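Here the structure is laid out as structure tokens; the discussion comes afterwards.
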Number of protein chains: 2
Amino acid sequence: MSNKRFLLVRRPKGTPVPEDFAFVSEPIPSPAAGSITVRNHYASLDPAQRGWMDDAPSYMPPIGLGEPVRATTVGRVHASANKDFAAGDWVLGLNGIEEYSLVAPGGFTAKIDVAKVPSPSYFLSALGAVGLTAYFGLLEDGKPQRGETVLVSAAAGAVGSIVGQIAKIKGCRTIGIAGGERKCKRLITDYGFDVDIDYRGKSMRELSAEIAAAAPGGVNVVFENVGGDVLDAALMNLAPKARIVLCGLISEYNAPEGKAGARNLWQLIVKQATMRGFLIRDYVPRFAEGGAQIAEWIGQKRLRVDEHVVAGIDNAYAAFMLLFSGGNDGKLILKIA
Amino acid sequence: MSNKRFLLVRRPKGTPVPEDFAFVSEPIPSPAAGSITVRNHYASLDPAQRGWMDDAPSYMPPIGLGEPVRATTVGRVHASANKDFAAGDWVLGLNGIEEYSLVAPGGFTAKIDVAKVPSPSYFLSALGAVGLTAYFGLLEDGKPQRGETVLVSAAAGAVGSIVGQIAKIKGCRTIGIAGGERKCKRLITDYGFDVDIDYRGKSMRELSAEIAAAAPGGVNVVFENVGGDVLDAALMNLAPKARIVLCGLISEYNAPEGKAGARNLWQLIVKQATMRGFLIRDYVPRFAEGGAQIAEWIGQKRLRVDEHVVAGIDNAYAAFMLLFSGGNDGKLILKIA
């Protein structure tokens, strides 16, 4: 029995290539006193992981070279030397893309109750960082009011699709931006957006004109996952005192030097608007509250959460790259076991 | 007797050129019932005027072609058909760069008491939008706490120099960015900054490294007047939960198509930082409060306010361009009479 691990061996320059990573097989680690070994079943694949691969100031240290790619995983306790965990317990934690993770005392791992969810993977989607980011990011930072207009980019994505649905639940008008006809159709049929906008093949000005047509009075809340031209077009269409929840900038993560940047920040001034960077970490003490509300909406069939599960740790690289090609439908998850 | 007026006759493409403007001489307008005619003595020259010359969404309509360049002016009532104003009254209002302005009822004009100030022009600097922008922008949006670090760009400028001094009064450490050795020296000797940084001839990375050396723990408040590389370098040095007061982006106003934009917005996410566009308009109801505090600090010699007065309406274009070359020392004012 061995532990296959997906390591970062070189810092990507721009778009990650297969040579930036390597697989190794090592013995399954035995837990020292206080530690546990977790058999990972699912690993979350998220744009944030691209940021952790760079050696740049961030909210946590970069992934070390030769270390497994950091990921939130759901798994079961394989061996325990900690009285709070027993073999077989389901746990959620910040571990790595590897079959087995050794978790030291104080490592970010919590027991989860998988009995009430369709799949343990839900703790990486609806009830995990994705659902909670949509919930707290929209409601706490975006502060949408009934009747306001909410613009969501990457609206068919894991976070965006939930943001749009919560905005509708809160009585807002929703405009979703996505790439391609198929995804745009899903915005309307699967996630209830009022308007869909396909960004593909459009200049910033064309995109801005489409948003203006859909929201002549401007947008009150922007939930931004993309950056670049998409953010610039949103900036040109702000209502006075608009709130921009800056959740992600996926169009810029692979272009550290060549990226264009946001050219229309002056609109923040003329509209007295606010842009705030959102990290879910601040809301850890309120996870139970957010999770309960999300679970309730799912139970009422008012909220649809899609997962895109790729099976096999050997597919880790290809699966991760789906995030940047827009190839995933719903929350991207790697099934390890 | 005639009224010389400085008109916008063409929308500037990038940097304004003399041909974008024209002088005309017209008869002095007579006020209809309810109106007044104001003899303008001083006109404020501000970066915001560049924005008003473009046909783009803003907080007020663009300056019409063939209209005088919009400006806040200080002057005296020349003729009045309004019972609230008498000939000779000193007034402040949003008028134009012209010798005489006709002000309709409800136009933005207020009587001012010039007896207590060294010059009526103070209502365009310390006690005008410049001083009040520094005061409310820093204290209300920036919310600096004693012991925090405040980074100011265009720190030797009209707003920046006051921001730095108020931050010191509030017990903060101040870092000022300015262009050229002479201005940097003034940051220390005239405005009491703790650290001066000269941005000229430096790449974004070099600038960022200098800020990092001056503030190893990051900056808590950024008062941003410049944009471009200067903003990008600030973004790389944010303390967690930093506040960026976006007051101006002067480096970008003349480069609408070619400008680089802000490439490091992702740092807002990793630092959970907030960037807010600031307009003084929101604070009109609190002008008396802010003005009184500024006047008190000036009286106590705790606050120094510099004016750069260019005499002669004929010099309007050349004076305005000083804003973009950094040629002014202190608040730029055109003396018309």
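By order of appearance in the structure tokens: chains A, B, ..., then residues from 1 within every chain, and ligands from 1 in the order shown.
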#### Entry: Near-Leu138 of chain A list (12 Å; only C-alpha atoms; drop same-chain fewer than 6 positions) as a PyMOL selection string
chain A and resi 130-132+144-145+150-152+159-170+172+220-224+243-247+276-280+290
So that I have them on file, write out the residues from the current selection with N, CA and C atoms, as a JSON list (two decimals), in the first residue's frame.
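Output contents, as saved in again_19.json:
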```json
[["chain", "number", "residue", "atom", "x", "y", "z"],
["A", 130, "VAL", "N", -17.42, 27.04, -1.44],
["A", 130, "VAL", "CA", -18.11, 27.57, -2.60],
["A", 130, "VAL", "C", -19.48, 28.15, -2.23],
["A", 131, "GLY", "N", -20.29, 27.34, -1.57],
["A", 131, "GLY", "CA", -21.61, 27.81, -1.17],
["A", 131, "GLY", "C", -21.53, 28.95, -0.17],
["A", 132, "LEU", "N", -20.60, 28.83, 0.76],
["A", 132, "LEU", "CA", -20.49, 29.84, 1.81],
["A", 132, "LEU", "C", -19.90, 31.14, 1.27],
["A", 144, "PRO", "N", -27.25, 43.17, -1.20],
["A", 144, "PRO", "CA", -28.29, 43.44, -2.21],
["A", 144, "PRO", "C", -29.62, 43.74, -1.55],
["A", 145, "GLN", "N", -30.30, 44.75, -2.07],
["A", 145, "GLN", "CA", -31.62, 45.11, -1.57],
["A", 145, "GLN", "C", -32.66, 44.65, -2.58],
["A", 150, "VAL", "N", -28.29, 42.77, -9.78],
["A", 150, "VAL", "CA", -27.03, 42.10, -9.41],
["A", 150, "VAL", "C", -26.41, 41.51, -10.67],
["A", 151, "LEU", "N", -25.17, 41.88, -10.92],
["A", 151, "LEU", "CA", -24.43, 41.36, -12.08],
["A", 151, "LEU", "C", -23.41, 40.34, -11.58],
["A", 152, "VAL", "N", -23.41, 39.16, -12.19],
["A", 152, "VAL", "CA", -22.51, 38.09, -11.76],
["A", 152, "VAL", "C", -21.66, 37.65, -12.94],
["A", 159, "VAL", "N", -19.35, 29.16, -7.90],
["A", 159, "VAL", "CA", -19.81, 30.22, -7.00],
["A", 159, "VAL", "C", -20.90, 31.05, -7.66],
["A", 160, "GLY", "N", -20.65, 31.46, -8.91],
["A", 160, "GLY", "CA", -21.57, 32.38, -9.58],
["A", 160, "GLY", "C", -22.98, 31.85, -9.69],
["A", 161, "SER", "N", -23.12, 30.56, -9.96],
["A", 161, "SER", "CA", -24.46, 30.00, -10.12],
["A", 161, "SER", "C", -25.25, 30.07, -8.81],
["A", 162, "ILE", "N", -24.56, 29.93, -7.70],
["A", 162, "ILE", "CA", -25.23, 30.02, -6.40],
["A", 162, "ILE", "C", -25.53, 31.48, -6.06],
["A", 163, "VAL", "N", -24.59, 32.36, -6.38],
["A", 163, "VAL", "CA", -24.81, 33.80, -6.14],
["A", 163, "VAL", "C", -26.08, 34.27, -6.85],
["A", 164, "GLY", "N", -26.22, 33.89, -8.12],
["A", 164, "GLY", "CA", -27.38, 34.32, -8.89],
["A", 164, "GLY", "C", -28.69, 33.84, -8.26],
["A", 165, "GLN", "N", -28.68, 32.60, -7.79],
["A", 165, "GLN", "CA", -29.91, 32.05, -7.21],
["A", 165, "GLN", "C", -30.24, 32.72, -5.87],
["A", 166, "ILE", "N", -29.21, 32.99, -5.07],
["A", 166, "ILE", "CA", -29.49, 33.65, -3.78],
["A", 166, "ILE", "C", -29.99, 35.08, -4.03],
["A", 167, "ALA", "N", -29.43, 35.74, -5.04],
["A", 167, "ALA", "CA", -29.89, 37.09, -5.37],
["A", 167, "ALA", "C", -31.37, 37.08, -5.77],
["A", 168, "LYS", "N", -31.77, 36.06, -6.52],
["A", 168, "LYS", "CA", -33.19, 35.94, -6.88],
["A", 168, "LYS", "C", -34.05, 35.69, -5.64],
["A", 169, "ILE", "N", -33.58, 34.80, -4.77],
["A", 169, "ILE", "CA", -34.31, 34.54, -3.52],
["A", 169, "ILE", "C", -34.51, 35.84, -2.74],
["A", 170, "LYS", "N", -33.54, 36.73, -2.84],
["A", 170, "LYS", "CA", -33.61, 38.00, -2.11],
["A", 170, "LYS", "C", -34.36, 39.08, -2.88],
["A", 172, "CYS", "N", -33.91, 40.20, -6.13],
["A", 172, "CYS", "CA", -33.14, 41.06, -7.04],
["A", 172, "CYS", "C", -33.34, 40.61, -8.49],
["A", 220, "ASN", "N", -26.33, 47.52, -9.18],
["A", 220, "ASN", "CA", -26.09, 47.90, -7.80],
["A", 220, "ASN", "C", -25.04, 47.03, -7.13],
["A", 221, "VAL", "N", -25.01, 45.77, -7.56],
["A", 221, "VAL", "CA", -24.03, 44.84, -6.99],
["A", 221, "VAL", "C", -23.35, 44.11, -8.13],
["A", 222, "VAL", "N", -22.03, 44.05, -8.08],
["A", 222, "VAL", "CA", -21.28, 43.23, -9.02],
["A", 222, "VAL", "C", -20.60, 42.13, -8.22],
["A", 223, "PHE", "N", -20.84, 40.89, -8.60],
["A", 223, "PHE", "CA", -20.12, 39.78, -7.96],
["A", 223, "PHE", "C", -19.10, 39.31, -8.98],
["A", 224, "GLU", "N", -17.84, 39.68, -8.74],
["A", 224, "GLU", "CA", -16.82, 39.54, -9.77],
["A", 224, "GLU", "C", -15.91, 38.34, -9.53],
["A", 243, "ARG", "N", -21.75, 48.28, -5.07],
["A", 243, "ARG", "CA", -20.81, 47.46, -4.31],
["A", 243, "ARG", "C", -20.27, 46.37, -5.23],
["A", 244, "ILE", "N", -18.95, 46.28, -5.32],
["A", 244, "ILE", "CA", -18.31, 45.22, -6.11],
["A", 244, "ILE", "C", -17.67, 44.24, -5.14],
["A", 245, "VAL", "N", -18.17, 43.02, -5.17],
["A", 245, "VAL", "CA", -17.57, 41.96, -4.36],
["A", 245, "VAL", "C", -16.50, 41.32, -5.24],
["A", 246, "LEU", "N", -15.25, 41.54, -4.86],
["A", 246, "LEU", "CA", -14.15, 40.99, -5.66],
["A", 246, "LEU", "C", -13.81, 39.62, -5.09],
["A", 247, "CYS", "N", -14.32, 38.61, -5.77],
["A", 247, "CYS", "CA", -14.19, 37.24, -5.27],
["A", 247, "CYS", "C", -13.07, 36.51, -5.99],
["A", 276, "ARG", "N", -14.51, 45.47, -2.73],
["A", 276, "ARG", "CA", -13.92, 44.83, -1.54],
["A", 276, "ARG", "C", -13.48, 43.43, -1.88],
["A", 277, "GLY", "N", -12.27, 43.09, -1.48],
["A", 277, "GLY", "CA", -11.76, 41.74, -1.69],
["A", 277, "GLY", "C", -12.40, 40.80, -0.68],
["A", 278, "PHE", "N", -12.90, 39.67, -1.19],
["A", 278, "PHE", "CA", -13.62, 38.74, -0.31],
["A", 278, "PHE", "C", -12.82, 37.47, -0.09],
["A", 279, "LEU", "N", -12.67, 37.10, 1.17],
["A", 279, "LEU", "CA", -12.10, 35.81, 1.54],
["A", 279, "LEU", "C", -13.07, 35.17, 2.53],
["A", 280, "ILE", "N", -13.33, 33.90, 2.33],
["A", 280, "ILE", "CA", -14.30, 33.23, 3.19],
["A", 280, "ILE", "C", -13.78, 33.08, 4.62],
["A", 290, "GLY", "N", -24.57, 29.81, 7.85],
["A", 290, "GLY", "CA", -24.67, 29.84, 6.39],
["A", 290, "GLY", "C", -25.02, 28.48, 5.83]]
```
### Message
Based on the backbone DSSP call, show me all residues of segment 63-229 of chain B assigned helix (DSSP H, G or I), as number ranges by chain.
### Response
B: 114-116, 120-124, 129-142, 158-169, 181-189, 204-214, 228-229
### Query
Any idea which chain A residues end up within 7 Å of chain B if we count only C-alpha atoms, as an NGL selection string please?
:A and (58-59 or 246-247 or 249 or 259-263 or 266 or 268-279)
Save the residues we just selected, N, CA and C atoms, as a compact mmCIF listing (two decimals), in the first residue's frame?
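File produced: selection26.txt:
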```txt
# COMPACT_ATOMS: atom_id res chain seq x y z
N SER A 58 0.46 36.70 0.05
CA SER A 58 -0.91 36.20 0.04
C SER A 58 -1.35 35.95 1.47
N TYR A 59 -2.54 35.39 1.60
CA TYR A 59 -3.09 35.16 2.93
C TYR A 59 -2.58 33.88 3.55
N LEU A 246 -15.25 41.54 -4.86
CA LEU A 246 -14.15 40.99 -5.66
C LEU A 246 -13.81 39.62 -5.09
N CYS A 247 -14.32 38.61 -5.77
CA CYS A 247 -14.19 37.24 -5.27
C CYS A 247 -13.07 36.51 -5.99
N LEU A 249 -10.39 36.64 -9.88
CA LEU A 249 -9.95 37.33 -11.09
C LEU A 249 -9.35 36.29 -12.02
N LYS A 259 -0.94 40.69 -18.27
CA LYS A 259 -2.36 41.02 -18.11
C LYS A 259 -2.62 42.51 -18.22
N ALA A 260 -3.81 42.81 -18.70
CA ALA A 260 -4.13 44.19 -19.00
C ALA A 260 -4.42 45.00 -17.76
N GLY A 261 -5.07 44.40 -16.80
CA GLY A 261 -5.45 45.15 -15.62
C GLY A 261 -6.76 45.88 -15.81
N ALA A 262 -7.23 46.47 -14.72
CA ALA A 262 -8.52 47.17 -14.73
C ALA A 262 -8.28 48.62 -15.12
N ARG A 263 -8.88 49.01 -16.24
CA ARG A 263 -8.64 50.35 -16.77
C ARG A 263 -9.71 51.36 -16.35
N TRP A 266 -11.61 54.54 -12.46
CA TRP A 266 -12.12 55.90 -12.24
C TRP A 266 -13.63 55.91 -12.07
N LEU A 268 -15.17 54.00 -10.14
CA LEU A 268 -15.42 53.88 -8.69
C LEU A 268 -15.57 55.26 -8.08
N ILE A 269 -14.76 56.20 -8.59
CA ILE A 269 -14.83 57.56 -8.05
C ILE A 269 -16.13 58.22 -8.46
N VAL A 270 -16.44 58.21 -9.74
CA VAL A 270 -17.60 58.98 -10.19
C VAL A 270 -18.91 58.37 -9.69
N LYS A 271 -18.89 57.09 -9.35
CA LYS A 271 -20.10 56.47 -8.82
C LYS A 271 -20.01 56.25 -7.31
N GLN A 272 -18.98 56.72 -6.69
CA GLN A 272 -18.78 56.55 -5.24
C GLN A 272 -19.01 55.08 -4.85
N ALA A 273 -18.38 54.22 -5.62
CA ALA A 273 -18.60 52.79 -5.45
C ALA A 273 -17.49 52.17 -4.60
N THR A 274 -17.77 50.99 -4.11
CA THR A 274 -16.84 50.28 -3.25
C THR A 274 -16.50 48.93 -3.85
N MET A 275 -15.21 48.61 -3.85
CA MET A 275 -14.75 47.29 -4.27
C MET A 275 -14.04 46.64 -3.09
N ARG A 276 -14.51 45.47 -2.73
CA ARG A 276 -13.92 44.83 -1.54
C ARG A 276 -13.48 43.43 -1.88
N GLY A 277 -12.27 43.09 -1.48
CA GLY A 277 -11.76 41.74 -1.69
C GLY A 277 -12.40 40.80 -0.68
N PHE A 278 -12.90 39.67 -1.19
CA PHE A 278 -13.62 38.74 -0.31
C PHE A 278 -12.82 37.47 -0.09
N LEU A 279 -12.67 37.10 1.17
CA LEU A 279 -12.10 35.81 1.54
C LEU A 279 -13.07 35.17 2.53
```
### Query
Which neighbours of segment 89-93 of chain A fall inside 8 Å, counting only C-alpha atoms, when residues of the same chain fewer than 6 positions from it are skipped, and could you give them as a ChimeraX atom specification?
/A:38,72-77,107-114,123
### Task
Tell me, as JSON, numbers by chain, which residues lie within 8 Å of Glu26 of chain B, counting only C-alpha atoms; anything in the same chain fewer than 6 positions away does not count.
{"B": [2, 3, 4, 5]}
### Message
Residues near Ala158 of chain A, anyone? I mean within 10 Å using only C-alpha atoms, not counting same-chain ones fewer than 6 positions away, as JSON, numbers by chain.
### Response
{"A": [46, 125, 126, 130, 131, 134, 305, 306, 307, 308, 328, 329, 330, 331, 332]}
Can I get the selected residues back with C-alpha atoms, as a PDB file, in the first residue's frame?
```pdb
ATOM      1  CA  ASP A  46     -10.369  26.031  -7.138  1.00  0.00           C
ATOM      2  CA  SER A 125     -19.570  22.531  -2.883  1.00  0.00           C
ATOM      3  CA  ALA A 126     -22.928  23.645  -1.503  1.00  0.00           C
ATOM      4  CA  VAL A 130     -18.111  27.572  -2.605  1.00  0.00           C
ATOM      5  CA  GLY A 131     -21.609  27.808  -1.171  1.00  0.00           C
ATOM      6  CA  ALA A 134     -21.587  32.846  -2.494  1.00  0.00           C
ATOM      7  CA  VAL A 305     -26.001  23.124  -6.785  1.00  0.00           C
ATOM      8  CA  ASP A 306     -24.085  21.311  -9.505  1.00  0.00           C
ATOM      9  CA  GLU A 307     -20.890  19.357  -9.108  1.00  0.00           C
ATOM     10  CA  HIS A 308     -18.466  18.389 -11.842  1.00  0.00           C
ATOM     11  CA  ASN A 328     -16.410  22.538 -15.968  1.00  0.00           C
ATOM     12  CA  ASP A 329     -20.130  22.564 -15.285  1.00  0.00           C
ATOM     13  CA  GLY A 330     -20.544  23.255 -11.608  1.00  0.00           C
ATOM     14  CA  LYS A 331     -18.144  22.897  -8.732  1.00  0.00           C
ATOM     15  CA  LEU A 332     -15.024  21.079  -9.881  1.00  0.00           C
TER      16      LEU A 332
END
```
### Message
Which residue is closest to Tyr100 of chain A? Choose from A:Pro68, A:Lys116, A:Arg39, A:Arg302 and count only C-alpha atoms.
### Response
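Result for the nearest residue to Tyr100 of chain A: A:Arg39.
Note that the spacing between atom CA of Gly64 of chain B and atom CA of Trp52 of chain B amounts to 9.2 Å.
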### Task
Enter the distance from atom CA of Leu334 of chain B to atom CA of Gly291 of chain B, in Å, rounded to one decimal.
21.9 Å
#### Entry: Between atom CA of Asp196 of chain B and atom CA of Gly176 of chain B - distance in Å to one decimal
4.9 Å
### Message
Using DSSP secondary structure from the backbone, list all strand (DSSP E) positions within segment 10-213 of chain B, as an NGL selection string.
### Response
:B and (21-27 or 36-44 or 67-68 or 70-80 or 90-96 or 100-103 or 109-111 or 149-153 or 173-178 or 195-198)
### Task
Considering only C-alpha atoms, return as JSON, numbers by chain whatever protein or nucleic-acid residues lie within 10 Å of segment 182-189 of chain B, sequence-local ones (same chain, fewer than 3 positions apart) excluded.
{"B": [154, 155, 156, 157, 160, 161, 164, 165, 174, 175, 176, 177, 178, 179, 192, 193, 194, 195, 196, 197, 198, 199, 326, 329]}
### Task
For Asn254 of chain A, please output as a list in words all residues within 8 Å (counting only C-alpha atoms; exclusion window: fewer than 3 positions along the same chain).
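Non-adjacent residues within range: Lys13, Gly14, Thr15, Pro16, Arg50, Ile250 and Ser251 of chain A.
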